[in-house]
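Asker: What follows is data_7.cif, mmCIF, C-alpha atoms.
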```cif
data_final
#
loop_
_atom_site.label_atom_id
_atom_site.label_comp_id
_atom_site.auth_asym_id
_atom_site.auth_seq_id
_atom_site.Cartn_x
_atom_site.Cartn_y
_atom_site.Cartn_z
CA MET V 1 93.15 117.85 -62.01
CA LYS V 2 94.38 114.26 -62.37
CA LYS V 3 90.80 113.05 -62.90
CA LEU V 4 90.27 115.73 -65.59
CA ILE V 5 93.42 114.60 -67.45
CA ILE V 6 92.20 110.99 -67.39
CA ILE V 7 88.78 112.02 -68.74
CA LEU V 8 90.36 114.12 -71.52
CA ALA V 9 92.65 111.21 -72.44
CA MET V 10 89.65 108.87 -72.63
CA LEU V 11 87.73 111.33 -74.82
CA LEU V 12 90.72 111.76 -77.14
CA SER V 13 91.16 107.99 -77.39
CA SER V 14 87.45 107.55 -78.16
CA SER V 15 87.55 110.28 -80.79
CA LEU V 16 90.57 108.69 -82.50
CA LEU V 17 88.89 105.29 -82.48
CA PHE V 18 85.72 106.85 -83.94
CA ALA V 19 87.73 108.52 -86.72
CA GLN V 20 89.45 105.23 -87.56
CA ARG V 21 86.14 103.46 -88.06
CA GLY V 22 84.39 103.66 -91.37
CA THR V 23 82.58 101.91 -94.17
CA VAL V 24 83.78 99.80 -97.08
CA ASP V 25 81.84 100.11 -100.34
CA THR V 26 82.31 99.03 -103.96
CA ASP V 27 82.46 101.68 -106.68
CA ILE V 28 81.05 101.36 -110.22
CA PHE V 29 84.31 99.73 -111.38
CA GLY V 30 84.15 97.01 -108.71
CA ASN V 31 86.95 98.50 -106.61
CA LEU V 32 86.75 98.71 -102.83
CA GLN V 33 86.57 102.11 -101.17
CA PHE V 34 86.99 102.94 -97.47
CA LYS V 35 85.74 106.15 -95.86
CA SER V 36 86.11 106.99 -92.18
CA ILE V 37 82.98 108.00 -90.29
CA ASP V 38 84.26 111.57 -89.85
CA GLY V 39 85.10 111.77 -93.58
CA GLN V 40 88.70 112.82 -92.91
CA TYR V 41 90.34 109.65 -94.21
CA LYS V 42 89.75 107.72 -97.43
CA ALA V 43 91.41 104.67 -98.95
CA SER V 44 90.90 102.26 -101.83
CA LEU V 45 91.98 98.82 -102.99
CA GLU V 46 91.86 98.72 -106.78
CA LYS V 47 92.69 96.13 -109.42
CA ASN V 48 94.80 97.42 -112.33
CA ILE V 49 95.00 96.13 -115.93
CA PHE V 50 97.60 93.52 -114.88
CA ASP V 51 95.29 92.11 -112.15
CA ASP V 52 97.54 93.55 -109.44
CA LEU V 53 95.94 95.04 -106.32
CA VAL V 54 96.94 98.58 -105.38
CA PHE V 55 96.17 100.23 -102.04
CA THR V 56 96.13 104.03 -101.92
CA ASP V 57 94.79 106.50 -99.39
CA SER V 58 94.25 110.20 -98.74
CA ARG V 59 97.59 110.40 -96.90
CA LYS V 60 99.45 109.59 -100.15
CA ASN V 61 100.39 106.06 -99.09
CA LYS V 62 100.61 103.46 -101.87
CA LEU V 63 101.17 99.68 -101.60
CA HIS V 64 101.38 97.71 -104.84
CA TYR V 65 100.76 93.94 -104.70
CA GLU V 66 101.59 92.23 -107.99
CA LYS V 67 99.37 89.41 -109.24
CA LYS V 68 102.11 86.76 -109.02
CA TYR V 69 102.85 87.73 -105.41
CA LEU V 70 99.20 87.57 -104.41
CA ASP V 71 98.69 84.18 -106.07
CA LYS V 72 101.66 82.77 -104.16
CA MET V 73 101.11 84.40 -100.77
CA GLU V 74 97.31 84.79 -100.72
CA PRO V 75 95.81 82.11 -103.03
CA GLY V 76 92.24 82.91 -104.01
CA LEU V 77 92.36 86.48 -102.69
CA ARG V 78 91.91 88.17 -106.07
CA ALA V 79 88.58 86.37 -106.60
CA ASP V 80 87.28 86.90 -103.06
CA LYS V 81 85.77 90.33 -102.38
CA GLU V 82 85.22 89.63 -98.69
CA ALA V 83 88.88 88.69 -98.25
CA GLN V 84 89.85 91.86 -100.14
CA ALA V 85 87.63 93.93 -97.84
CA ARG V 86 89.40 92.44 -94.81
CA MET V 87 92.72 93.22 -96.47
CA LEU V 88 91.63 96.81 -97.08
CA ARG V 89 90.62 97.29 -93.44
CA ARG V 90 93.93 95.78 -92.29
CA LEU V 91 95.90 98.10 -94.56
CA VAL V 92 93.89 101.06 -93.27
CA ARG V 93 94.78 100.12 -89.68
CA GLU V 94 98.46 99.71 -90.58
CA ASN V 95 98.85 102.88 -92.67
CA LYS V 96 96.35 105.48 -91.42
CA ARG V 97 99.01 107.16 -89.27
CA SER V 98 101.65 107.15 -92.03
CA SER V 99 102.04 109.49 -94.98
CA GLU V 100 103.75 109.13 -98.37
CA TYR V 101 104.75 105.53 -97.66
CA LYS V 102 105.34 103.49 -100.84
CA ALA V 103 105.98 99.74 -101.06
CA THR V 104 105.93 97.01 -103.71
CA PHE V 105 105.36 93.27 -103.25
CA LYS V 106 106.38 91.04 -106.16
CA ILE V 107 107.83 87.75 -107.40
CA ASP V 108 110.63 88.08 -109.99
CA ILE V 109 111.39 85.83 -112.97
CA PHE V 110 113.56 83.60 -110.73
CA ASP V 111 110.60 83.02 -108.37
CA LYS V 112 112.21 85.22 -105.73
CA THR V 113 109.93 87.16 -103.39
CA ILE V 114 110.88 90.84 -103.23
CA ILE V 115 109.42 93.43 -100.87
CA GLU V 116 110.77 96.97 -101.09
CA ASP V 117 109.72 100.36 -99.75
CA ASN V 118 110.77 104.00 -99.98
CA LYS V 119 112.16 104.01 -96.43
CA GLY V 120 115.25 101.96 -97.25
CA TYR V 121 113.80 98.52 -96.50
CA LYS V 122 114.27 95.59 -98.90
CA LEU V 123 113.58 91.86 -98.49
CA GLU V 124 114.58 89.14 -100.98
CA GLU V 125 113.58 85.53 -100.33
CA GLY V 126 114.29 82.67 -102.73
CA LYS V 127 115.75 79.19 -103.12
CA ASP V 128 119.31 78.15 -103.96
CA ILE V 129 120.13 75.42 -106.51
CA PHE V 130 119.56 72.78 -103.80
CA GLY V 131 116.10 74.11 -102.88
CA ASN V 132 117.19 75.71 -99.61
CA THR V 133 115.70 79.02 -98.50
CA ASN V 134 117.92 82.10 -98.68
CA ILE V 135 116.77 85.42 -97.22
CA GLN V 136 118.43 88.82 -97.59
CA GLU V 137 117.07 91.82 -95.75
CA GLN V 138 118.22 95.43 -95.66
CA LEU V 139 117.04 97.90 -93.03
CA ASN V 140 118.50 101.27 -92.07
CA GLY V 141 121.67 100.51 -94.02
CA THR V 142 122.27 97.18 -92.29
CA LYS V 143 122.13 93.99 -94.34
CA SER V 144 121.18 90.61 -92.89
CA ILE V 145 121.46 87.20 -94.58
CA PHE V 146 119.87 83.87 -93.65
CA LYS V 147 121.08 80.80 -95.56
CA ARG V 148 122.00 77.13 -95.42
CA ASN V 149 125.70 76.42 -95.99
CA LEU V 150 127.29 73.60 -97.99
CA ARG V 151 127.66 71.52 -94.79
CA GLY V 152 123.91 71.54 -94.24
CA GLY V 153 124.07 73.98 -91.36
CA LEU V 154 122.28 77.29 -91.01
CA GLU V 155 123.95 80.69 -90.92
CA TYR V 156 122.73 84.17 -90.10
CA THR V 157 124.63 87.44 -90.40
CA GLU V 158 123.54 90.96 -89.56
CA GLY V 159 126.22 93.51 -90.33
CA ARG V 160 129.26 92.12 -88.50
CA LYS V 161 127.26 89.94 -86.12
CA THR V 162 126.95 86.23 -86.91
CA ALA V 163 125.18 83.09 -85.71
CA SER V 164 125.12 79.47 -86.84
CA LEU V 165 123.41 76.17 -86.14
CA GLU V 166 125.06 73.03 -87.49
CA LYS V 167 126.03 69.46 -86.70
CA ASP V 168 129.56 68.54 -85.57
CA ILE V 169 131.46 65.27 -86.18
CA PHE V 170 129.82 63.72 -83.09
CA ASP V 171 126.29 64.30 -84.48
CA ARG V 172 125.61 67.06 -81.98
CA TRP V 173 123.86 70.18 -83.18
CA ILE V 174 125.54 73.33 -81.91
CA TYR V 175 124.31 76.92 -81.86
CA LYS V 176 127.01 79.62 -81.80
CA ASP V 177 126.93 83.39 -82.19
CA SER V 178 129.30 86.33 -82.12
CA PHE V 179 128.06 87.31 -78.64
CA GLY V 180 129.87 84.28 -77.19
CA ASN V 181 126.80 82.07 -76.79
CA GLU V 182 127.26 78.35 -77.52
CA ILE V 183 124.59 75.70 -76.93
CA GLN V 184 124.90 71.97 -77.71
CA PHE V 185 122.01 69.62 -78.39
CA GLY V 186 122.40 65.85 -78.11
CA LYS V 187 120.66 63.34 -80.39
CA GLU V 188 117.65 62.75 -78.16
CA THR V 189 117.19 66.44 -77.42
CA TRP V 190 117.47 67.22 -81.12
CA ARG V 191 114.82 64.63 -81.94
CA ARG V 192 112.44 66.29 -79.49
CA ILE V 193 113.25 69.73 -80.91
CA LEU V 194 112.38 68.65 -84.45
CA LYS V 195 109.16 67.05 -83.19
CA GLN V 196 108.18 70.34 -81.55
CA TYR V 197 109.33 72.81 -84.23
CA GLY V 198 109.00 70.71 -87.38
CA THR V 199 112.16 72.06 -89.04
CA ASP V 200 115.63 73.19 -87.98
CA GLU V 201 114.95 76.55 -89.67
CA LYS V 202 112.05 77.35 -87.33
CA PHE V 203 114.15 76.36 -84.32
CA PHE V 204 117.05 78.50 -85.53
CA TRP V 205 114.76 81.54 -85.80
CA ASP V 206 113.63 80.89 -82.23
CA LEU V 207 117.24 80.74 -81.05
CA LEU V 208 117.95 84.01 -82.85
CA ASP V 209 114.98 85.66 -81.14
CA ARG V 210 116.22 84.44 -77.76
CA TRP V 211 119.96 85.05 -78.00
CA PHE V 212 120.79 87.23 -81.00
CA TYR V 213 118.40 90.18 -80.79
#
```
Since I need it in another form, could you write the structure as structure tokens?
Answerer:
Amino acid sequence: MKKLIIILAMLLSSSLLFAQRGTVDTDIFGNLQFKSIDGQYKASLEKNIFDDLVFTDSRKNKLHYEKKYLDKMEPGLRADKEAQARMLRRLVRENKRSSEYKATFKIDIFDKTIIEDNKGYKLEEGKDIFGNTNIQEQLNGTKSIFKRNLRGGLEYTEGRKTASLEKDIFDRWIYKDSFGNEIQFGKETWRRILKQYGTDEKFFWDLLDRWFY
């Protein structure tokens, strides 16, 4: 009985994998079309009159990538059909099990990156007047903010939880969070950290992954 269950599971897995495979073709308008081998799933990546790229599929998913966003995040993509075909296959993999998912990817007039979907998720990433990165993210009703403060330190908040990484009067960098964690980094250690990570922002994200989440 156990062997039969394993065989059935393998057959089901193989059949799902087979259904997820398919071909990418170009229609008469130059748009890319995907069709699964079993014919049950279809998707397309089409360019609209504004030179945006729009992904849609037979499960009523729709992802809209505005031209300005693509030029910033994927330079050269709009003129590269092979890169677009890879993008289409990636979007098929990511969305084939979803239905009625809608999302937009754009850059606003203030050069702020905005990603928003119909499931309550929203991301805004831009620069402050000093050129520092500010990120605001909303998910399941909880808002998180990543920013650099006026003292040059970094701050992160998620709901009521907080974390920071900044230098004290003794030139030591200190990480603190609302869970009671506190880590100090001396000058030599900090020099090595920057050599490894490149920026304090990347290191802060690593600390958040380790101690905050």
Asker: Quick check, in Å to one decimal: how far apart do atom CA of Phe110 of chain V and atom CA of Lys67 of chain V lie?
Answerer: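 Separation between atom CA of Phe110 of chain V and atom CA of Lys67 of chain V: 15.4 Å.
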Asker: Excluding same-chain residues fewer than 5 positions from Thr162 of chain V, what lies within 9 Å of it counting only C-alpha atoms, as an NGL selection string?
Answerer: :V and (155-157 or 176-179 or 212)
Asker: Gln138 of chain V: which residues within 8 Å, counting all atoms listed in the file, same-chain residues fewer than 6 positions away excluded, as a compact mmCIF listing (two decimals) with C-alpha atoms, in the coordinates of the input?
Answerer:
```txt
# COMPACT_ATOMS: atom_id res chain seq x y z
CA GLY V 120 115.25 101.96 -97.25
CA TYR V 121 113.80 98.52 -96.50
CA LYS V 122 114.27 95.59 -98.90
CA LEU V 123 113.58 91.86 -98.49
CA SER V 144 121.18 90.61 -92.89
```
Asker: Which of these residues is nearest to Phe203 of chain V, using only C-alpha atoms: V:Glu116, V:Asp171, V:Glu166, V:Asp27?
Answerer: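 Closest candidate: V:Glu166.
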Asker: How would you write, as a ChimeraX atom specification, the residues chosen by the PyMOL selection byres ((chain V and resi 95) around 10) on this structure?
Answerer: /V:43,56-57,59,61-63,89-94,96-101
Asker: So what does the PyMOL selection byres ((chain V and resi 128) around 12) actually pick up in this one, as a list in words?
Answerer: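 Listing what the PyMOL selection byres ((chain V and resi 128) around 12) selects in the shown file: Phe110, Asp111, Lys112, Glu125, Gly126, Lys127, Ile129, Phe130, Gly131, Asn132, Thr133, Asn134, Ile135, Phe146, Lys147, Arg148, Asn149 and Leu150 of chain V.
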Asker: Just checking: using all atoms listed in the file, which residue out of V:Lys119, V:Arg191, V:Arg86, V:Lys81 ends up closest to Arg172 of chain V?
Answerer: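 Between V:Lys119, V:Arg191, V:Arg86, V:Lys81, the residue approaching Arg172 of chain V most closely is V:Arg191.
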Asker: Name all residues at most 10 Å from Gly30 of chain V (count only C-alpha atoms; drop same-chain ones fewer than 5 positions away) and give them as a list in words.
Answerer: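 So, after excluding close chain neighbours, the residues are Asp25, Leu45, Glu46, Lys47 and Lys81 of chain V.
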Asker: For the structure provided, state which residues fall under the PyMOL selection byres ((chain V and resi 23) around 9), and present them as a PyMOL selection string.
Answerer: chain V and resi 21-22+24-25+33-37
Asker: I need the residue nearest Leu208 of chain V from this list: V:Asp168, V:Asp80, V:Glu188, V:Glu158. Use all atoms listed in the file for the distance.
Answerer: V:Glu158
Asker: In Å, with one decimal, what is the gap from atom CA of Leu139 of chain V to atom CA of Trp211 of chain V?
Answerer: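 One can read the atom CA of Leu139 of chain V to atom CA of Trp211 of chain V distance as 20.0 Å.
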Asker: With only C-alpha atoms counted, which protein, DNA or RNA residues have an atom no more than 7 Å from (99.0, 88.9, -111.0) in the file frame? Please answer as an mmCIF file with C-alpha atoms, in the frame of the given file.
Answerer:
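This went into out00.cif:
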```cif
data_model
loop_
_atom_site.group_PDB
_atom_site.id
_atom_site.type_symbol
_atom_site.label_atom_id
_atom_site.label_comp_id
_atom_site.auth_asym_id
_atom_site.auth_seq_id
_atom_site.Cartn_x
_atom_site.Cartn_y
_atom_site.Cartn_z
ATOM 1 C CA PHE V 50 97.600 93.520 -114.880
ATOM 2 C CA ASP V 51 95.290 92.110 -112.150
ATOM 3 C CA ASP V 52 97.540 93.550 -109.440
ATOM 4 C CA GLU V 66 101.590 92.230 -107.990
ATOM 5 C CA LYS V 67 99.370 89.410 -109.240
ATOM 6 C CA LYS V 68 102.110 86.760 -109.020
ATOM 7 C CA TYR V 69 102.850 87.730 -105.410
ATOM 8 C CA LEU V 70 99.200 87.570 -104.410
ATOM 9 C CA ASP V 71 98.690 84.180 -106.070
#
```
Asker: What does the distance between atom CA of Glu82 of chain V and atom CA of Leu53 of chain V come to in Å, to one decimal place?
Answerer: 14.2 Å
